[in-house]
$ cat protein-v1.tsv   # TSV, C-alpha atoms
chain	number	residue	atom	x	y	z
A	1	MET	CA	107.76	197.67	110.62
A	2	ALA	CA	104.69	198.16	108.43
A	3	ASN	CA	105.35	194.76	106.90
A	4	ALA	CA	105.42	193.14	110.32
A	5	VAL	CA	102.09	194.75	111.24
A	6	VAL	CA	100.48	193.56	108.00
A	7	ARG	CA	101.83	190.01	108.57
A	8	GLY	CA	100.53	189.99	112.11
A	9	LEU	CA	97.08	191.17	110.99
A	10	LEU	CA	96.99	188.55	108.24
A	11	ALA	CA	97.94	185.80	110.73
A	12	VAL	CA	95.20	186.88	113.13
A	13	ALA	CA	92.64	187.04	110.33
A	14	GLY	CA	93.66	183.59	109.09
A	15	LEU	CA	93.40	182.10	112.56
A	16	ALA	CA	89.98	183.63	113.10
A	17	TRP	CA	88.76	182.21	109.76
A	18	ALA	CA	90.08	178.76	110.60
A	19	LEU	CA	88.42	178.76	114.02
A	20	GLY	CA	85.18	179.98	112.49
A	21	ALA	CA	85.23	177.18	109.93
A	22	LEU	CA	85.83	174.58	112.67
A	23	ALA	CA	83.07	175.92	114.86
A	24	GLY	CA	80.65	176.19	111.93
A	25	PRO	CA	77.49	174.08	111.63
A	26	ALA	CA	78.32	170.35	111.94
A	27	ARG	CA	77.61	168.16	108.93
A	28	GLU	CA	74.50	166.08	109.21
A	29	THR	CA	75.34	162.59	110.34
A	30	PHE	CA	73.40	159.38	110.72
A	31	VAL	CA	75.67	158.01	113.45
A	32	ALA	CA	73.58	157.03	116.45
A	33	PRO	CA	74.51	159.17	119.46
A	34	GLN	CA	74.69	156.20	121.87
A	35	SER	CA	76.80	154.02	119.58
A	36	LYS	CA	80.50	153.34	119.94
A	37	ALA	CA	81.02	155.06	116.59
A	38	ALA	CA	79.73	158.36	118.00
A	39	GLY	CA	82.80	158.61	120.22
A	40	LEU	CA	85.29	158.14	117.38
A	41	THR	CA	86.63	160.78	115.00
A	42	SER	CA	86.27	158.59	111.92
A	43	CYS	CA	85.40	155.10	110.76
A	44	VAL	CA	88.11	152.61	109.71
A	45	GLU	CA	88.74	154.95	106.77
A	46	PRO	CA	87.93	158.68	106.44
A	47	THR	CA	84.20	159.34	106.59
A	48	ASP	CA	83.87	160.63	103.02
A	49	PHE	CA	85.56	157.51	101.70
A	50	MET	CA	83.36	155.24	103.82
A	51	ARG	CA	80.19	156.94	102.66
A	52	ARG	CA	80.97	156.10	99.05
A	53	ASN	CA	82.89	152.86	99.31
A	54	HIS	CA	81.86	150.88	102.39
A	55	MET	CA	80.03	148.35	100.22
A	56	GLU	CA	83.13	147.67	98.15
A	57	LEU	CA	85.19	147.08	101.28
A	58	ILE	CA	82.84	144.50	102.77
A	59	LYS	CA	82.24	142.89	99.40
A	60	HIS	CA	85.95	142.15	99.13
A	61	GLU	CA	86.20	141.15	102.76
A	62	ARG	CA	83.39	138.60	102.55
A	63	HIS	CA	85.32	136.64	99.96
A	64	ILE	CA	88.52	136.39	101.95
A	65	VAL	CA	86.59	135.43	105.09
A	66	VAL	CA	84.54	132.67	103.51
A	67	HIS	CA	87.14	131.26	101.14
A	68	GLN	CA	90.42	131.92	102.92
A	69	GLY	CA	89.39	132.06	106.56
A	70	ILE	CA	91.01	135.45	107.17
A	71	ARG	CA	88.87	137.03	109.85
A	72	ASP	CA	91.03	139.80	111.29
A	73	SER	CA	90.40	142.19	108.41
A	74	LYS	CA	90.06	145.87	109.20
A	75	TYR	CA	86.77	145.79	107.29
A	76	SER	CA	83.99	143.52	108.46
A	77	LEU	CA	80.24	143.65	108.58
A	78	ALA	CA	80.33	142.36	112.15
A	79	GLY	CA	82.59	145.31	112.91
A	80	CYS	CA	80.11	147.74	111.32
A	81	VAL	CA	77.29	146.36	113.43
A	82	GLU	CA	79.27	146.27	116.66
A	83	CYS	CA	80.41	149.86	116.35
A	84	HIS	CA	77.28	151.45	114.89
A	85	VAL	CA	74.57	149.71	116.86
A	86	ALA	CA	72.51	151.97	119.11
A	87	TYR	CA	71.21	150.97	122.52
A	88	GLY	CA	67.66	151.46	123.63
A	89	PRO	CA	66.55	152.82	127.01
A	90	ASP	CA	66.64	149.23	128.32
A	91	LYS	CA	70.36	149.02	127.35
A	92	LYS	CA	69.52	146.42	124.72
A	93	PRO	CA	71.03	146.81	121.27
A	94	VAL	CA	68.64	148.04	118.60
A	95	SER	CA	68.86	146.39	115.19
A	96	VAL	CA	70.95	148.52	112.80
A	97	HIS	CA	68.46	147.58	110.10
A	98	ALA	CA	65.41	148.79	112.02
A	99	GLU	CA	63.64	151.90	110.83
A	100	GLY	CA	65.59	155.07	111.60
A	101	GLN	CA	68.71	153.20	112.65
A	102	PHE	CA	72.19	153.71	111.24
A	103	CYS	CA	72.13	151.35	108.25
A	104	SER	CA	68.52	151.72	107.21
A	105	ARG	CA	68.30	155.50	107.58
A	106	CYS	CA	70.77	156.19	104.84
A	107	HIS	CA	69.77	153.24	102.67
A	108	GLU	CA	66.18	154.37	102.79
A	109	TYR	CA	67.19	157.88	101.79
A	110	ALA	CA	69.30	156.54	98.92
A	111	ALA	CA	66.63	153.97	97.96
A	112	VAL	CA	69.10	151.12	98.39
A	113	ASP	CA	67.72	147.72	99.30
A	114	VAL	CA	70.45	145.67	100.95
A	115	ASN	CA	70.12	142.01	101.81
A	116	CYS	CA	73.09	141.71	104.17
A	117	PHE	CA	70.72	141.25	107.06
A	118	GLY	CA	68.80	138.40	105.52
A	119	CYS	CA	71.63	136.27	106.92
A	120	HIS	CA	73.78	138.51	109.11
A	121	SER	CA	72.92	139.50	112.64
A	122	THR	CA	71.83	143.10	113.08
A	123	VAL	CA	72.95	143.29	116.69
A	124	PRO	CA	76.34	142.29	118.09
A	125	ASN	CA	76.19	138.88	119.74
A	126	ALA	CA	79.58	137.43	118.95
A	127	ALA	CA	80.65	136.75	122.50
A	128	GLN	CA	77.35	135.42	123.71
A	129	GLY	CA	76.08	131.89	123.82
A	130	ASN	CA	72.48	131.23	122.99
A	131	ALA	CA	71.64	131.04	126.69
A	132	ALA	CA	72.52	134.70	127.00
A	133	LEU	CA	70.68	135.53	123.83
A	134	SER	CA	67.21	135.01	125.17
A	135	GLY	CA	67.82	137.84	127.61
A	136	ASP	CA	70.17	140.26	125.91
A	137	TYR	CA	69.55	139.60	122.28
A	138	GLY	CA	67.06	141.88	120.62
A	139	PRO	CA	65.45	139.86	117.88
A	140	ASP	CA	65.04	141.78	114.65
A	141	MET	CA	61.34	141.13	114.71
A	142	ALA	CA	60.88	143.26	117.78
A	143	GLN	CA	62.39	146.21	115.96
A	144	ILE	CA	60.17	145.96	112.92
A	145	GLN	CA	56.90	145.41	114.64
A	146	GLY	CA	56.10	149.06	114.18
A	147	LYS	CA	56.16	148.45	110.44
A	148	GLY	CA	53.57	145.74	110.84
A	149	ALA	CA	55.89	143.17	109.33
A	150	GLY	CA	55.73	139.50	110.23
A	151	VAL	CA	58.52	137.00	110.71
A	152	GLY	CA	61.62	138.21	108.90
A	153	GLY	CA	59.67	141.00	107.30
A	154	ASP	CA	62.84	143.02	107.00
A	155	THR	CA	64.25	140.61	104.47
A	156	PRO	CA	64.05	142.05	100.99
B	1	MET	CA	137.78	115.15	73.05
B	2	THR	CA	135.28	112.82	74.72
B	3	LYS	CA	137.40	112.81	77.85
B	4	GLU	CA	136.69	116.50	78.32
B	5	HIS	CA	132.96	115.83	78.44
B	6	GLU	CA	133.32	112.95	80.85
B	7	GLN	CA	135.37	115.00	83.25
B	8	VAL	CA	133.54	116.13	86.33
B	9	ASP	CA	132.81	119.83	86.28
B	10	GLU	CA	133.84	120.74	89.81
B	11	GLY	CA	132.39	124.23	89.60
B	12	ARG	CA	128.99	122.91	88.58
B	13	ARG	CA	129.05	120.22	91.25
B	14	SER	CA	129.82	122.72	94.01
B	15	PHE	CA	127.08	125.01	92.73
B	16	LEU	CA	124.55	122.17	92.79
B	17	GLY	CA	125.70	121.19	96.26
B	18	THR	CA	125.16	124.73	97.51
B	19	ALA	CA	121.77	124.92	95.78
B	20	ALA	CA	120.67	121.67	97.40
B	21	GLY	CA	121.76	123.02	100.78
B	22	VAL	CA	119.79	126.22	100.26
B	23	ALA	CA	116.77	124.21	99.17
B	24	ALA	CA	117.00	122.05	102.29
B	25	VAL	CA	117.14	125.14	104.50
B	26	SER	CA	114.19	126.78	102.76
B	27	VAL	CA	112.13	123.59	102.91
B	28	ALA	CA	112.79	123.09	106.60
B	29	PRO	CA	110.74	126.07	107.83
B	30	GLY	CA	107.86	124.81	105.70
B	31	VAL	CA	108.06	121.46	107.41
B	32	ILE	CA	108.11	123.10	110.81
B	33	LEU	CA	105.16	125.29	109.83
B	34	HIS	CA	103.17	122.13	109.22
B	35	THR	CA	103.24	121.17	112.88
B	36	VAL	CA	102.86	124.67	114.28
B	37	THR	CA	99.39	126.00	113.54
B	38	ALA	CA	99.28	129.06	111.32
B	39	ALA	CA	98.42	132.37	112.94
B	40	PRO	CA	94.67	132.17	113.49
B	41	ARG	CA	92.39	134.64	111.72
B	42	SER	CA	95.13	136.48	109.81
B	43	GLU	CA	96.50	133.93	107.34
B	44	ALA	CA	94.78	132.22	104.44
B	45	VAL	CA	94.01	128.56	105.05
B	46	THR	CA	96.27	126.16	103.17
B	47	ASP	CA	96.15	122.55	102.07
B	48	ALA	CA	98.88	121.74	104.60
B	49	VAL	CA	96.00	120.54	106.77
B	50	ARG	CA	92.92	118.53	105.98
B	51	TRP	CA	90.27	118.53	108.68
B	52	GLY	CA	88.54	115.26	109.32
B	53	MET	CA	86.86	113.09	111.85
B	54	LEU	CA	86.67	109.49	113.02
B	55	ILE	CA	83.44	108.31	114.58
B	56	ASP	CA	83.47	105.13	116.62
B	57	THR	CA	79.94	103.77	116.28
B	58	ALA	CA	80.55	101.30	119.12
B	59	LYS	CA	80.75	104.25	121.51
B	60	CYS	CA	77.82	106.18	120.01
B	61	ALA	CA	75.00	105.71	122.52
B	62	ASP	CA	71.43	104.95	121.55
B	63	GLY	CA	69.16	107.88	122.38
B	64	CYS	CA	71.99	110.34	123.01
B	65	THR	CA	71.69	113.54	120.98
B	66	ALA	CA	74.46	115.57	122.61
B	67	CYS	CA	76.21	116.22	119.27
B	68	VAL	CA	72.99	117.34	117.60
B	69	THR	CA	72.07	119.73	120.41
B	70	ALA	CA	75.57	121.19	120.55
B	71	CYS	CA	75.64	121.73	116.78
B	72	GLU	CA	72.32	123.54	116.89
B	73	ARG	CA	73.47	125.83	119.68
B	74	GLU	CA	76.80	126.54	118.02
B	75	ASN	CA	75.34	127.42	114.64
B	76	GLY	CA	72.09	129.06	115.67
B	77	LEU	CA	69.89	126.24	114.36
B	78	ASP	CA	68.04	126.13	117.69
B	79	LEU	CA	66.78	129.64	116.91
B	80	GLN	CA	64.63	128.25	114.09
B	81	VAL	CA	60.92	128.71	114.62
B	82	LYS	CA	58.14	126.80	112.95
B	83	PRO	CA	56.24	129.16	110.66
B	84	GLU	CA	52.72	129.78	111.84
B	85	GLY	CA	50.23	127.39	110.38
B	86	GLU	CA	52.79	124.91	109.06
B	87	ALA	CA	52.12	121.28	109.89
B	88	ALA	CA	54.48	119.83	112.51
B	89	LYS	CA	55.33	116.91	110.28
B	90	LYS	CA	56.28	119.14	107.37
B	91	TRP	CA	58.38	121.32	109.64
B	92	ASP	CA	60.24	118.27	110.94
B	93	MET	CA	61.07	117.38	107.35
B	94	GLN	CA	62.11	120.87	106.33
B	95	ARG	CA	63.93	122.44	109.26
B	96	SER	CA	67.68	122.71	108.89
B	97	VAL	CA	69.72	119.87	110.34
B	98	TRP	CA	73.49	119.73	110.00
B	99	ILE	CA	74.05	116.56	112.00
B	100	ARG	CA	71.51	113.84	112.71
B	101	LYS	CA	71.44	110.53	114.51
B	102	VAL	CA	70.92	107.45	112.34
B	103	LYS	CA	70.07	104.02	113.67
B	104	LEU	CA	70.94	101.00	111.55
B	105	GLU	CA	69.64	97.50	112.07
B	106	ASP	CA	71.10	94.48	110.34
B	107	ASN	CA	68.15	92.56	108.92
B	108	LEU	CA	69.89	89.24	109.35
B	109	THR	CA	71.60	89.54	112.71
B	110	ARG	CA	69.43	92.26	114.31
B	111	ARG	CA	72.59	94.09	115.36
B	112	VAL	CA	71.77	97.75	115.98
B	113	THR	CA	74.29	100.49	115.23
B	114	ASN	CA	73.95	104.19	116.07
B	115	LEU	CA	75.88	106.85	114.28
B	116	PRO	CA	75.78	110.60	113.70
B	117	MET	CA	75.48	111.51	110.01
B	118	LEU	CA	76.84	114.83	108.82
B	119	CYS	CA	78.57	116.31	105.79
B	120	GLN	CA	81.38	113.87	105.01
B	121	HIS	CA	83.70	116.60	103.67
B	122	CYS	CA	84.66	114.62	100.58
B	123	GLU	CA	87.91	115.20	98.76
B	124	HIS	CA	85.89	115.03	95.54
B	125	PRO	CA	82.54	116.45	96.61
B	126	PRO	CA	79.61	115.86	94.22
B	127	CYS	CA	77.89	118.97	95.61
B	128	VAL	CA	80.79	121.09	94.36
B	129	ASP	CA	80.75	119.38	90.95
B	130	VAL	CA	77.14	120.23	90.30
B	131	CYS	CA	76.93	123.77	91.73
B	132	PRO	CA	76.14	126.16	88.87
B	133	THR	CA	77.47	129.27	90.62
B	134	GLY	CA	80.52	128.06	92.51
B	135	ALA	CA	78.80	128.70	95.84
B	136	SER	CA	79.33	125.12	96.95
B	137	PHE	CA	83.07	124.85	97.31
B	138	LYS	CA	85.87	123.07	99.08
B	139	ARG	CA	88.20	125.20	101.13
B	140	ALA	CA	91.95	124.58	100.92
B	141	ASP	CA	91.85	122.86	104.30
B	142	GLY	CA	89.28	120.32	103.11
B	143	ILE	CA	86.12	121.89	104.52
B	144	VAL	CA	83.22	121.59	102.08
B	145	MET	CA	80.89	124.53	102.56
B	146	VAL	CA	78.47	126.97	100.96
B	147	ASP	CA	79.32	130.57	100.16
B	148	ARG	CA	75.90	132.00	100.88
B	149	HIS	CA	76.77	135.19	99.02
B	150	THR	CA	76.77	133.25	95.75
B	151	CYS	CA	74.20	130.53	96.53
B	152	ILE	CA	71.06	130.94	94.43
B	153	GLY	CA	69.15	128.22	96.26
B	154	CYS	CA	68.75	125.86	93.30
B	155	ARG	CA	69.29	122.83	95.58
B	156	TYR	CA	71.15	120.89	92.93
B	157	CYS	CA	73.79	120.08	95.58
B	158	MET	CA	71.13	118.58	97.83
B	159	MET	CA	70.21	116.22	95.02
B	160	ALA	CA	73.85	115.34	94.37
B	161	CYS	CA	74.86	114.64	97.97
B	162	PRO	CA	74.81	110.88	98.64
B	163	TYR	CA	74.62	111.52	102.40
B	164	LYS	CA	71.56	113.77	102.52
B	165	ALA	CA	73.72	116.17	104.46
B	166	ARG	CA	72.36	119.47	103.22
B	167	SER	CA	69.36	121.55	104.19
B	168	PHE	CA	67.57	124.42	102.52
B	169	ILE	CA	66.30	127.45	104.41
B	170	HIS	CA	62.71	127.97	103.29
B	171	GLN	CA	61.71	130.82	105.58
B	172	ALA	CA	63.20	134.16	106.53
B	173	VAL	CA	65.44	133.81	109.57
B	174	ALA	CA	64.52	136.23	112.33
B	175	GLU	CA	67.29	135.42	114.79
B	176	LYS	CA	70.81	134.72	113.69
B	177	LEU	CA	74.24	134.59	115.26
B	178	THR	CA	77.15	136.80	114.32
B	179	ARG	CA	79.43	133.78	114.13
B	180	ALA	CA	77.09	131.74	111.90
B	181	PRO	CA	75.08	133.89	109.49
B	182	ARG	CA	72.20	132.04	107.82
B	183	GLY	CA	69.18	133.19	105.85
B	184	LYS	CA	66.35	132.37	103.50
B	185	GLY	CA	67.02	130.92	100.10
B	186	CYS	CA	70.39	129.29	100.75
B	187	VAL	CA	71.51	125.73	101.18
B	188	GLU	CA	73.57	124.95	104.25
B	189	SER	CA	75.36	122.06	105.89
B	190	CYS	CA	78.02	121.18	108.44
B	191	ASN	CA	81.14	123.30	107.93
B	192	LEU	CA	83.18	121.66	110.71
B	193	CYS	CA	82.58	124.76	112.86
B	194	VAL	CA	84.56	126.87	110.42
B	195	HIS	CA	84.56	129.89	112.75
B	196	ARG	CA	86.32	127.74	115.33
B	197	ARG	CA	88.88	126.59	112.75
B	198	ASP	CA	89.66	130.18	111.80
B	199	ASN	CA	90.06	131.11	115.46
B	200	GLY	CA	92.54	128.27	115.92
B	201	GLU	CA	90.35	126.32	118.33
B	202	ALA	CA	91.05	122.62	118.75
B	203	SER	CA	87.71	120.97	118.22
B	204	THR	CA	84.15	121.18	116.94
B	205	ALA	CA	80.98	121.67	118.99
B	206	CYS	CA	79.73	118.10	118.37
B	207	VAL	CA	83.05	116.49	119.29
B	208	ASP	CA	83.26	118.53	122.49
B	209	ALA	CA	79.70	117.62	123.41
B	210	CYS	CA	80.28	113.92	122.76
B	211	ALA	CA	83.33	114.01	125.03
B	212	SER	CA	81.58	115.90	127.81
B	213	ALA	CA	78.69	113.42	127.62
B	214	GLY	CA	81.32	110.79	128.43
B	215	HIS	CA	81.11	108.85	125.16
B	216	HIS	CA	84.23	110.03	123.30
B	217	ALA	CA	82.84	108.51	120.12
B	218	MET	CA	84.11	111.32	117.87
B	219	VAL	CA	87.70	112.36	117.24
B	220	PHE	CA	88.47	115.48	115.25
B	221	GLY	CA	91.73	116.70	113.79
B	222	ASP	CA	94.15	117.11	110.93
B	223	LEU	CA	94.23	114.04	108.68
B	224	LYS	CA	97.54	115.16	107.16
B	225	ASP	CA	99.36	115.36	110.48
B	226	PRO	CA	100.44	111.83	111.48
B	227	GLN	CA	100.68	112.97	115.11
B	228	SER	CA	97.12	114.27	115.38
B	229	ALA	CA	94.60	112.42	117.50
B	230	VAL	CA	92.45	111.57	114.50
B	231	SER	CA	95.37	110.20	112.48
B	232	LYS	CA	96.46	108.04	115.39
B	233	ALA	CA	92.91	106.80	115.91
B	234	LEU	CA	92.58	106.01	112.20
B	235	ALA	CA	95.90	104.15	112.24
B	236	GLY	CA	94.82	102.14	115.26
B	237	ALA	CA	91.35	100.99	114.28
B	238	ALA	CA	89.61	99.56	111.23
B	239	SER	CA	87.48	102.29	109.69
B	240	ARG	CA	85.23	102.74	106.68
B	241	GLN	CA	83.97	105.45	104.43
B	242	ILE	CA	80.23	105.36	103.91
B	243	ARG	CA	79.59	104.71	100.22
B	244	ALA	CA	83.27	104.05	99.65
B	245	ASP	CA	82.23	102.77	96.22
B	246	LEU	CA	81.74	106.37	95.08
B	247	ASP	CA	85.47	107.10	95.51
B	248	LEU	CA	84.82	110.43	97.19
B	249	ASN	CA	87.59	110.02	99.81
B	250	THR	CA	85.50	111.32	102.67
B	251	GLY	CA	87.02	113.31	105.51
B	252	VAL	CA	84.61	111.73	107.99
B	253	ARG	CA	85.28	108.05	108.66
B	254	TYR	CA	83.41	105.51	110.76
B	255	SER	CA	84.65	102.52	112.71
B	256	GLY	CA	82.53	99.64	113.97
B	257	ILE	CA	80.28	99.43	110.91
$ encode --input "protein-v1.tsv" --output "structure tokens"
Amino acid sequence: MANAVVRGLLAVAGLAWALGALAGPARETFVAPQSKAAGLTSCVEPTDFMRRNHMELIKHERHIVVHQGIRDSKYSLAGCVECHVAYGPDKKPVSVHAEGQFCSRCHEYAAVDVNCFGCHSTVPNAAQGNAALSGDYGPDMAQIQGKGAGVGGDTP
Amino acid sequence: MTKEHEQVDEGRRSFLGTAAGVAAVSVAPGVILHTVTAAPRSEAVTDAVRWGMLIDTAKCADGCTACVTACERENGLDLQVKPEGEAAKKWDMQRSVWIRKVKLEDNLTRRVTNLPMLCQHCEHPPCVDVCPTGASFKRADGIVMVDRHTCIGCRYCMMACPYKARSFIHQAVAEKLTRAPRGKGCVESCNLCVHRRDNGEASTACVDACASAGHHAMVFGDLKDPQSAVSKALAGAASRQIRADLDLNTGVRYSGI
């Protein structure tokens, strides 16, 4: 009887601890609240893995895309941009490379200078023709004007 | 003694017969695979296909630039902007062009020929031979292209190309397309709309535009498939390689010149 009481108390204590841990302060995240990524539990791999290894994944993927034409990989830079891009008050996508946005926020903190976006688009525009671009497409320049940069000033 | 050697080994013969049968069965799916296109996007490109083009210069209209416009829209070249303060003439010389119209006039007969000039997708591309980093390469399916991740912008390939098909990006690119990334410091050229190839689409932007303009001067397809439109067109008309003397075995052929 005493054993059963002790077990019950232990179970309750354990449950309380687990709930407390879950409800504890959330880890700081750079995911933009309006992005598609904000609604998902994790990226294509667990978050901790992505934080350390995302560059290795896309580095491998770029080779198989360009040389072998395999474009349905789970890992793709276009996928990163599509999922992580934030939308401004005008519903237009904001460049992921603009100051304070998903990619640049962490890279700035870690003092990493990437040149992905010298060539790659920083907003999703895969399904659009150029006609649609003039309206919906937020040119990178518009996002970096605050920095006082000129044409392509975000290119390292 | 010798008789024994000359006797037919029935066991061996039946084994070989079976092996040949198995080989025939295992070859057959490969043959079928050749005609059915591989699953788009998910399988590595193979040399079972070689993409190529036949351009009928007799149908290429003077003054028409439908192919050029379509190429620029498809690959984001129309998003190029002249840098402030650069002379218009210099910009015209330096801006990226993947396909351009060329007009030829025979000095003797005054016969005028129009043709679009683009990367000829050589079997033995000089641009690939000279590239110091391996960025200029030929894909298994015959597309000659630049891996911009490895291109250092030395422009050796531009010097080597007999067709003046390549361009260099001098300025930072502000607006780019997801399907066709391009940026400062790399050489670029026609890649036969490689994103369309990987998606399993039938044609290129220039060929589609030529057809919708009503000229049908360009035919695109698989040079290794005898049933493809381009193979049939090549079989039916006299065609030439430009600078055939270089033995490059170009993937783009011209008729009427």
$ residues_near_point --input "protein-v1.tsv" --point "(80.9, 114.8, 109.3)" --cutoff "8 Å" --atoms "only C-alpha atoms" --output "list of chain:residue names"
B:Gly52, B:Met53, B:Ile99, B:Pro116, B:Met117, B:Leu118, B:Cys119, B:Gln120, B:His121, B:Cys190, B:Leu192, B:Gly251, B:Val252
$ closest_residue --input "protein-v1.tsv" --among "B:Ala205, B:Gly142, B:Ala135, B:Thr65" --to "Thr46 of chain B" --atoms "all atoms listed in the file"
B:Gly142
$ closest_residue --input "protein-v1.tsv" --among "B:Leu177, B:Val102, B:Ile55, B:Ala70" --to "chain A" --atoms "all atoms listed in the file"
B:Leu177
$ residues_around --input "protein-v1.tsv" --residues "segment 38-49 of chain A" --least-positions-apart "2" --cutoff "10 Å" --atoms "all atoms listed in the file" --output "PyMOL selection string"
chain A and resi 29-36+51-54+74-75+79-80+83-84+86
$ write_last_selection --input "protein-v1.tsv" --atoms "C-alpha atoms" --output "mmCIF file, keeping the file's coordinate frame"
data_model
loop_
_atom_site.group_PDB
_atom_site.id
_atom_site.type_symbol
_atom_site.label_atom_id
_atom_site.label_comp_id
_atom_site.auth_asym_id
_atom_site.auth_seq_id
_atom_site.Cartn_x
_atom_site.Cartn_y
_atom_site.Cartn_z
ATOM 1 C CA THR A 29 75.340 162.590 110.340
ATOM 2 C CA PHE A 30 73.400 159.380 110.720
ATOM 3 C CA VAL A 31 75.670 158.010 113.450
ATOM 4 C CA ALA A 32 73.580 157.030 116.450
ATOM 5 C CA PRO A 33 74.510 159.170 119.460
ATOM 6 C CA GLN A 34 74.690 156.200 121.870
ATOM 7 C CA SER A 35 76.800 154.020 119.580
ATOM 8 C CA LYS A 36 80.500 153.340 119.940
ATOM 9 C CA ARG A 51 80.190 156.940 102.660
ATOM 10 C CA ARG A 52 80.970 156.100 99.050
ATOM 11 C CA ASN A 53 82.890 152.860 99.310
ATOM 12 C CA HIS A 54 81.860 150.880 102.390
ATOM 13 C CA LYS A 74 90.060 145.870 109.200
ATOM 14 C CA TYR A 75 86.770 145.790 107.290
ATOM 15 C CA GLY A 79 82.590 145.310 112.910
ATOM 16 C CA CYS A 80 80.110 147.740 111.320
ATOM 17 C CA CYS A 83 80.410 149.860 116.350
ATOM 18 C CA HIS A 84 77.280 151.450 114.890
ATOM 19 C CA ALA A 86 72.510 151.970 119.110
#
$ closest_atom_pairs --input "protein-v1.tsv" --of "chain B" --to "chain A" --cutoff "9 Å" --atoms "all atoms listed in the file" --output "JSON lines"
{"residue": "B:Pro40", "atom": "CA", "partner": "A:Ile70", "partner_atom": "CA", "distance": 8.0}
{"residue": "B:Arg41", "atom": "CA", "partner": "A:Arg71", "partner_atom": "CA", "distance": 4.6}
{"residue": "B:Ser42", "atom": "CA", "partner": "A:Ile70", "partner_atom": "CA", "distance": 5.0}
{"residue": "B:Glu43", "atom": "CA", "partner": "A:Ile70", "partner_atom": "CA", "distance": 5.7}
{"residue": "B:Ala44", "atom": "CA", "partner": "A:Gln68", "partner_atom": "CA", "distance": 4.6}
{"residue": "B:Val45", "atom": "CA", "partner": "A:Gln68", "partner_atom": "CA", "distance": 5.4}
{"residue": "B:Thr46", "atom": "CA", "partner": "A:Gln68", "partner_atom": "CA", "distance": 8.2}
{"residue": "B:Arg73", "atom": "CA", "partner": "A:Asn130", "partner_atom": "CA", "distance": 6.4}
{"residue": "B:Glu74", "atom": "CA", "partner": "A:Gly129", "partner_atom": "CA", "distance": 7.9}
{"residue": "B:Gly76", "atom": "CA", "partner": "A:Asn130", "partner_atom": "CA", "distance": 7.6}
{"residue": "B:Asp78", "atom": "CA", "partner": "A:Asn130", "partner_atom": "CA", "distance": 8.6}
{"residue": "B:Leu79", "atom": "CA", "partner": "A:Asn130", "partner_atom": "CA", "distance": 8.5}
{"residue": "B:Pro83", "atom": "CA", "partner": "A:Val151", "partner_atom": "CA", "distance": 8.2}
{"residue": "B:Phe137", "atom": "CA", "partner": "A:His67", "partner_atom": "CA", "distance": 8.5}
{"residue": "B:Lys138", "atom": "CA", "partner": "A:His67", "partner_atom": "CA", "distance": 8.5}
{"residue": "B:Arg139", "atom": "CA", "partner": "A:His67", "partner_atom": "CA", "distance": 6.2}
{"residue": "B:Ala140", "atom": "CA", "partner": "A:Gln68", "partner_atom": "CA", "distance": 7.8}
{"residue": "B:Met145", "atom": "CA", "partner": "A:Val66", "partner_atom": "CA", "distance": 9.0}
{"residue": "B:Val146", "atom": "CA", "partner": "A:Val66", "partner_atom": "CA", "distance": 8.7}
{"residue": "B:Asp147", "atom": "CA", "partner": "A:Val66", "partner_atom": "CA", "distance": 6.5}
{"residue": "B:Arg148", "atom": "CA", "partner": "A:Cys119", "partner_atom": "CA", "distance": 8.5}
{"residue": "B:His149", "atom": "CA", "partner": "A:Arg62", "partner_atom": "CA", "distance": 8.2}
{"residue": "B:Gln171", "atom": "CA", "partner": "A:Gly152", "partner_atom": "CA", "distance": 8.1}
{"residue": "B:Ala172", "atom": "CA", "partner": "A:Gly152", "partner_atom": "CA", "distance": 5.0}
{"residue": "B:Val173", "atom": "CA", "partner": "A:Gly152", "partner_atom": "CA", "distance": 5.9}
{"residue": "B:Ala174", "atom": "CA", "partner": "A:Gly152", "partner_atom": "CA", "distance": 4.9}
{"residue": "B:Glu175", "atom": "CA", "partner": "A:Pro139", "partner_atom": "CA", "distance": 5.7}
{"residue": "B:Lys176", "atom": "CA", "partner": "A:Ser121", "partner_atom": "CA", "distance": 5.3}
{"residue": "B:Leu177", "atom": "CA", "partner": "A:Ser121", "partner_atom": "CA", "distance": 5.7}
{"residue": "B:Thr178", "atom": "CA", "partner": "A:Ala126", "partner_atom": "CA", "distance": 5.3}
{"residue": "B:Arg179", "atom": "CA", "partner": "A:Ala126", "partner_atom": "CA", "distance": 6.0}
{"residue": "B:Ala180", "atom": "CA", "partner": "A:His120", "partner_atom": "CA", "distance": 8.0}
{"residue": "B:Pro181", "atom": "CA", "partner": "A:His120", "partner_atom": "CA", "distance": 4.8}
{"residue": "B:Arg182", "atom": "CA", "partner": "A:Cys119", "partner_atom": "CA", "distance": 4.4}
{"residue": "B:Gly183", "atom": "CA", "partner": "A:Cys119", "partner_atom": "CA", "distance": 4.1}
{"residue": "B:Lys184", "atom": "CA", "partner": "A:Gly118", "partner_atom": "CA", "distance": 6.8}
{"residue": "B:Val194", "atom": "CA", "partner": "A:Gly69", "partner_atom": "CA", "distance": 8.1}
{"residue": "B:His195", "atom": "CA", "partner": "A:Gly69", "partner_atom": "CA", "distance": 8.1}
{"residue": "B:Arg197", "atom": "CA", "partner": "A:Gly69", "partner_atom": "CA", "distance": 8.3}
{"residue": "B:Asp198", "atom": "CA", "partner": "A:Gly69", "partner_atom": "CA", "distance": 5.6}
{"residue": "B:Asn199", "atom": "CA", "partner": "A:Arg71", "partner_atom": "CA", "distance": 8.2}
$ closest_residue --input "protein-v1.tsv" --among "B:Lys103, B:Lys59, B:Val112, B:Glu188" --to "Ser136 of chain B" --atoms "all atoms listed in the file"
B:Glu188
